[in-house]
Amino acid sequence: MNTQASKYSVLVIGGGSTGAAVAHDLALRGFQTTLVERGEIASGTTGRNHCLLHSGARYCVKDRESAVECIEENTILRKIMPESMELNGGLFVAVNDSDMDYMTKFIEGCEASGIPYRQLTGEQARTLEPNLSENTLGAVEVPDGVFEPMRLCMAFLATAKKNGAQVLPFTEVQGLIMEGNRVAGATVWDRVQKREYNIHADLVVNAAGPWAGNITKLAGVDVPVVPTPGVMTSMTGRLSQRVINRMNVSSDGDIIVPQRNTSIVGTSSYTVDDADYIEIPEDHVQMMYDRGSEMIPLIGQVRPRGIFVVARPLIGRRDEGGREIARTFEAFDHARDDNVEGFVTISGGKTTTSRVMAEVAVDVVAAKLDVEAPCQTKDTVLLSYRDYYTI
Amino acid sequence: MTWKVTYRIDRYRPGEESRTDSFDIEIEPHRTILDGIEKVWALHDRTLAFRHACHHASCGSCAFVTNGVEVLPCIVEIQDVVENGGEIHCEPLYHFPIVADLVVDMGDFFDKMRLMEMPIITPTDPLPDQPPGEYNRYENCIECGMCMSACPIVATNPNYLGPAPLAAALRTIKRPDSSPEEKARVWELVDSEDGLWRCHVAMECTAVCPSDVDPGGKIMELRRMATVNRIRSLLGMKPKHLVSE
Amino acid sequence: MTTPPTTEESKAYPGQSPRPRERKAVAWINPFKRDASYWGFVLNRVAGLGLVLYLFLHMFAISLLLRGEAGWDAFIDLTTSPVFLTLDVILIAGILGHGLNGLRVALIGSGVLVRWQRQLFYVLMTIAVVLLVVAGILVFTI
């Protein structure tokens, strides 16, 4: 029991994969942890993600840092969440000459990033995955996986609750309590009992994903987080056992993720101002069917099961299409950047890297509070998600 | 092309009288019931409380009752339940304690599911024409609670284990990697008065399940095993299923 | 059959005390269900209750024998009236429905023919209707 850490209370805003991992890390290090989420856990970005446990190969050519991060976290998540993911690997397939030309760079990238891979001919790939297009010219096998985001969040939170954290869904932050230029907590509204009350904390961590800017505004601060939605379509039928990716520069509709008896095609990318309600653009949906069928022709023939869109938090300047902005994460210590104490924002990233995002954020928290508390989340096996409901 | 649809949602807050609120929205008919609920929340009433996460029938959190029948609103299109100008009556799942509006407390249900200790990942067969290999995937059951809401026995008996836990028990019992102690423990739980014998074969659970679990069929499978064992022991033969001692 | 309200706190929603649902004695009836097997279950329950009620009526009727010949003859007159014969047909409907569906439940419940449970329901109910029509004709003509 870390008696140093237990003197301090930390409030985490946001119950997605970032917030859940942060709450777990805080509680494990001994801080008094409270997490507030305005809806149900994972009802924001994390719930509607692509469910892809990245091997990192997608980023190995253009963003090696991201790729290394992914393969490391991929290995760690397999260890701390055993028997919680479909782990059948993934294929990057080439269906035309442009894709095949990319293969050399791709393999170099895998080698340089430390991603285990296996090169395959088109015929070998189609033997392994019979539903692949006849146009498959070659493929590379990598250790992709499939997870369920809500259950991932609940596994983190169950463990956090076991270590003393308090998790409050349906609790919305209305304002931040300011003492001079220090954030000393938040005013929250319990949506169920319809009552407003204050939560005091020594430090507030903003993990609100694409809504991070809304929270920082409450302290008069800006963060360069751009809500960037993308459409995904879950198709009826388990059309592959492995994750199927397109072996080319990252673009729209180039990943097909199997999950139970469905195949999820995604995704697209565009920016919006308000992440609360996003209409689903029909042309993007059609694009998913079209692009998906280039790799697995059956995609264009089976019925869709679920079509969804949600905003992702991308760090950077507003850009056309948002595709060029890197999918990295960043921790903002607002004391350093904006002269507001007691306030840290952790945003960007993806669920595959949620654990390391939490490690970075909580390292900042521990440093700010001058507490000696090393991170142990790499080796701590999480409780079952079912325990979230019963602890 | 949009339809005008009226959502009539049962509201509840502790200390207040339950009531039903009506919201009119314009929405494309091929959008899902959950898309409509989100629109009601975003544009009409931010106090509406509801659960949702994945929007593609894998997390099981959004289940509620629409026009008297349990659905997963994230995969059911509006045009499949109403016409243009029609009404969608939304109630929280039956038989679960209500937290607020459409949010119910799943604690008791997950207590029962935990008893069965069904691992969520199962070994799976290769696809047609696929070479043999060690593949795995999520169990079909998404733990949405719709079967519990639909079951007429759960309606009147709070101690009945229920379709989903019993189906999970069968999965645990049939897995090649479950230990004999685990199988025996689970078997003892389900071969009881409030376990598999309490079912009256209404098969509503199988009818509403969004994930092809067929809990009714699984309960009958458990019964077959229990009946065969009992008959064999009556005839002085050794039990065929689940030899524990 | 109702559970008393408790103020047990919810573990997934700390600070909230969810309201338990009432368990009404007739909670097992839901008119919006469409599945054939569900209506088989309802039929069995309703017919079963009806047959229990009939049992008591029948014992009461037989006890009229104790009142001697005059009382018994009056009762026999009543039993041949059209209203009574109609009730007899309803009784036979209950026996056939409950019996044949019960046969199905016994088979399915032992794990036999589970995959065809819906088809079995339709087949057996068709047989019940046919037998009912025959019985009805016999009741009114004999």
# chains A, B, ... in the order shown; residues from 1 in each chain; ligands from 1
$ interface_residues --of "chain C" --to "chain A" --cutoff "9 Å" --atoms "only C-alpha atoms" --output "ChimeraX atom specification"
/C:10-16
$ write_last_selection --atoms "C-alpha atoms" --output "mmCIF file, in the first residue's frame"
data_model
loop_
_atom_site.group_PDB
_atom_site.id
_atom_site.type_symbol
_atom_site.label_atom_id
_atom_site.label_comp_id
_atom_site.auth_asym_id
_atom_site.auth_seq_id
_atom_site.Cartn_x
_atom_site.Cartn_y
_atom_site.Cartn_z
ATOM 1 C CA SER C 10 -26.298 -0.975 -7.250
ATOM 2 C CA LYS C 11 -22.656 -2.033 -7.630
ATOM 3 C CA ALA C 12 -22.358 -0.825 -11.213
ATOM 4 C CA TYR C 13 -24.031 2.508 -10.392
ATOM 5 C CA PRO C 14 -22.761 3.542 -6.951
ATOM 6 C CA GLY C 15 -25.016 5.844 -5.040
ATOM 7 C CA GLN C 16 -28.090 4.684 -6.913
#
$ residues_around --residues "C:Val42" --least-positions-apart "4" --cutoff "12 Å" --atoms "only C-alpha atoms" --output "count of residues only"
27
$ residues_around --residues "B:Val40" --least-positions-apart "2" --cutoff "10 Å" --atoms "only C-alpha atoms" --output "list in words"
Tyr277 of chain A; Thr6, Tyr7, Ser22, Phe23, Asp24, Ile25, Glu26, Leu34, Asp35, Gly36, Ile37, Glu38, Ala42, Leu43, His44, Asp45, Arg46 and Leu48 of chain B
$ residues_around --residues "C:Leu91" --least-positions-apart "6" --cutoff "9 Å" --atoms "only C-alpha atoms" --output "list of chain:residue names"
C:Ala47, C:Gly50, C:Leu51, C:Tyr54
$ atom_distance --atom1 "atom CA of A:Ser55" --atom2 "atom CA of A:Pro143"
5.4 Å
$ closest_residue --among "C:Ser110, C:Thr141, C:Ser63, C:Gln117" --to "chain B" --atoms "only C-alpha atoms"
C:Ser110
$ residues_around --residues "stretch 86-88 of chain C" --least-positions-apart "6" --cutoff "10 Å" --atoms "only C-alpha atoms" --output "NGL selection string"
:C and (79-80 or 94 or 135-136 or 139-140)
$ interface_residues --of "chain B" --to "chain A" --cutoff "7 Å" --atoms "only C-alpha atoms" --output "PyMOL selection string"
chain B and resi 13-14+39+42+47+51-56+59+74-75+100+106-107+110-111+114+120-121+129-131+135-138+140
$ select_by_dssp --residues "stretch 135-183 of chain B" --states "strand (DSSP E)" --output "MDAnalysis selection string"
chainID B and resid 135:138
$ decode --residues "stretch 60-77 of chain A" --atoms "N, CA and C atoms" --output "short mmCIF file (atom, residue, chain, number, x, y, z; two decimals), in the first residue's frame"
data_model
loop_
_atom_site.label_atom_id
_atom_site.label_comp_id
_atom_site.auth_asym_id
_atom_site.auth_seq_id
_atom_site.Cartn_x
_atom_site.Cartn_y
_atom_site.Cartn_z
N CYS A 60 3.88 0.89 -39.89
CA CYS A 60 5.31 0.60 -39.87
C CYS A 60 6.09 1.33 -40.95
N VAL A 61 5.41 1.81 -41.99
CA VAL A 61 6.14 2.52 -43.04
C VAL A 61 6.25 4.00 -42.71
N LYS A 62 5.10 4.62 -42.41
CA LYS A 62 5.09 6.08 -42.28
C LYS A 62 5.29 6.57 -40.84
N ASP A 63 4.97 5.76 -39.86
CA ASP A 63 4.97 6.24 -38.48
C ASP A 63 5.54 5.15 -37.59
N ARG A 64 6.86 5.00 -37.65
CA ARG A 64 7.49 3.88 -36.99
C ARG A 64 7.30 3.91 -35.48
N GLU A 65 7.24 5.13 -34.92
CA GLU A 65 7.06 5.26 -33.47
C GLU A 65 5.75 4.63 -33.05
N SER A 66 4.71 4.95 -33.80
CA SER A 66 3.39 4.39 -33.53
C SER A 66 3.41 2.87 -33.66
N ALA A 67 4.11 2.38 -34.68
CA ALA A 67 4.15 0.94 -34.92
C ALA A 67 4.80 0.20 -33.76
N VAL A 68 5.91 0.73 -33.29
CA VAL A 68 6.62 0.07 -32.17
C VAL A 68 5.75 0.08 -30.93
N GLU A 69 5.11 1.22 -30.69
CA GLU A 69 4.19 1.33 -29.56
C GLU A 69 3.12 0.25 -29.64
N CYS A 70 2.53 0.09 -30.84
CA CYS A 70 1.43 -0.86 -31.01
C CYS A 70 1.89 -2.28 -30.73
N ILE A 71 3.01 -2.71 -31.30
CA ILE A 71 3.40 -4.11 -31.14
C ILE A 71 3.74 -4.39 -29.68
N GLU A 72 4.33 -3.39 -29.00
CA GLU A 72 4.64 -3.59 -27.57
C GLU A 72 3.35 -3.74 -26.77
N GLU A 73 2.40 -2.84 -27.02
CA GLU A 73 1.15 -2.89 -26.27
C GLU A 73 0.33 -4.12 -26.62
N ASN A 74 0.40 -4.54 -27.87
CA ASN A 74 -0.27 -5.76 -28.32
C ASN A 74 0.18 -6.93 -27.45
N THR A 75 1.51 -7.03 -27.27
CA THR A 75 2.06 -8.12 -26.46
C THR A 75 1.62 -8.00 -25.00
N ILE A 76 1.62 -6.77 -24.49
CA ILE A 76 1.24 -6.57 -23.09
C ILE A 76 -0.23 -6.87 -22.86
N LEU A 77 -1.10 -6.38 -23.74
CA LEU A 77 -2.53 -6.61 -23.54
C LEU A 77 -2.87 -8.09 -23.57
#
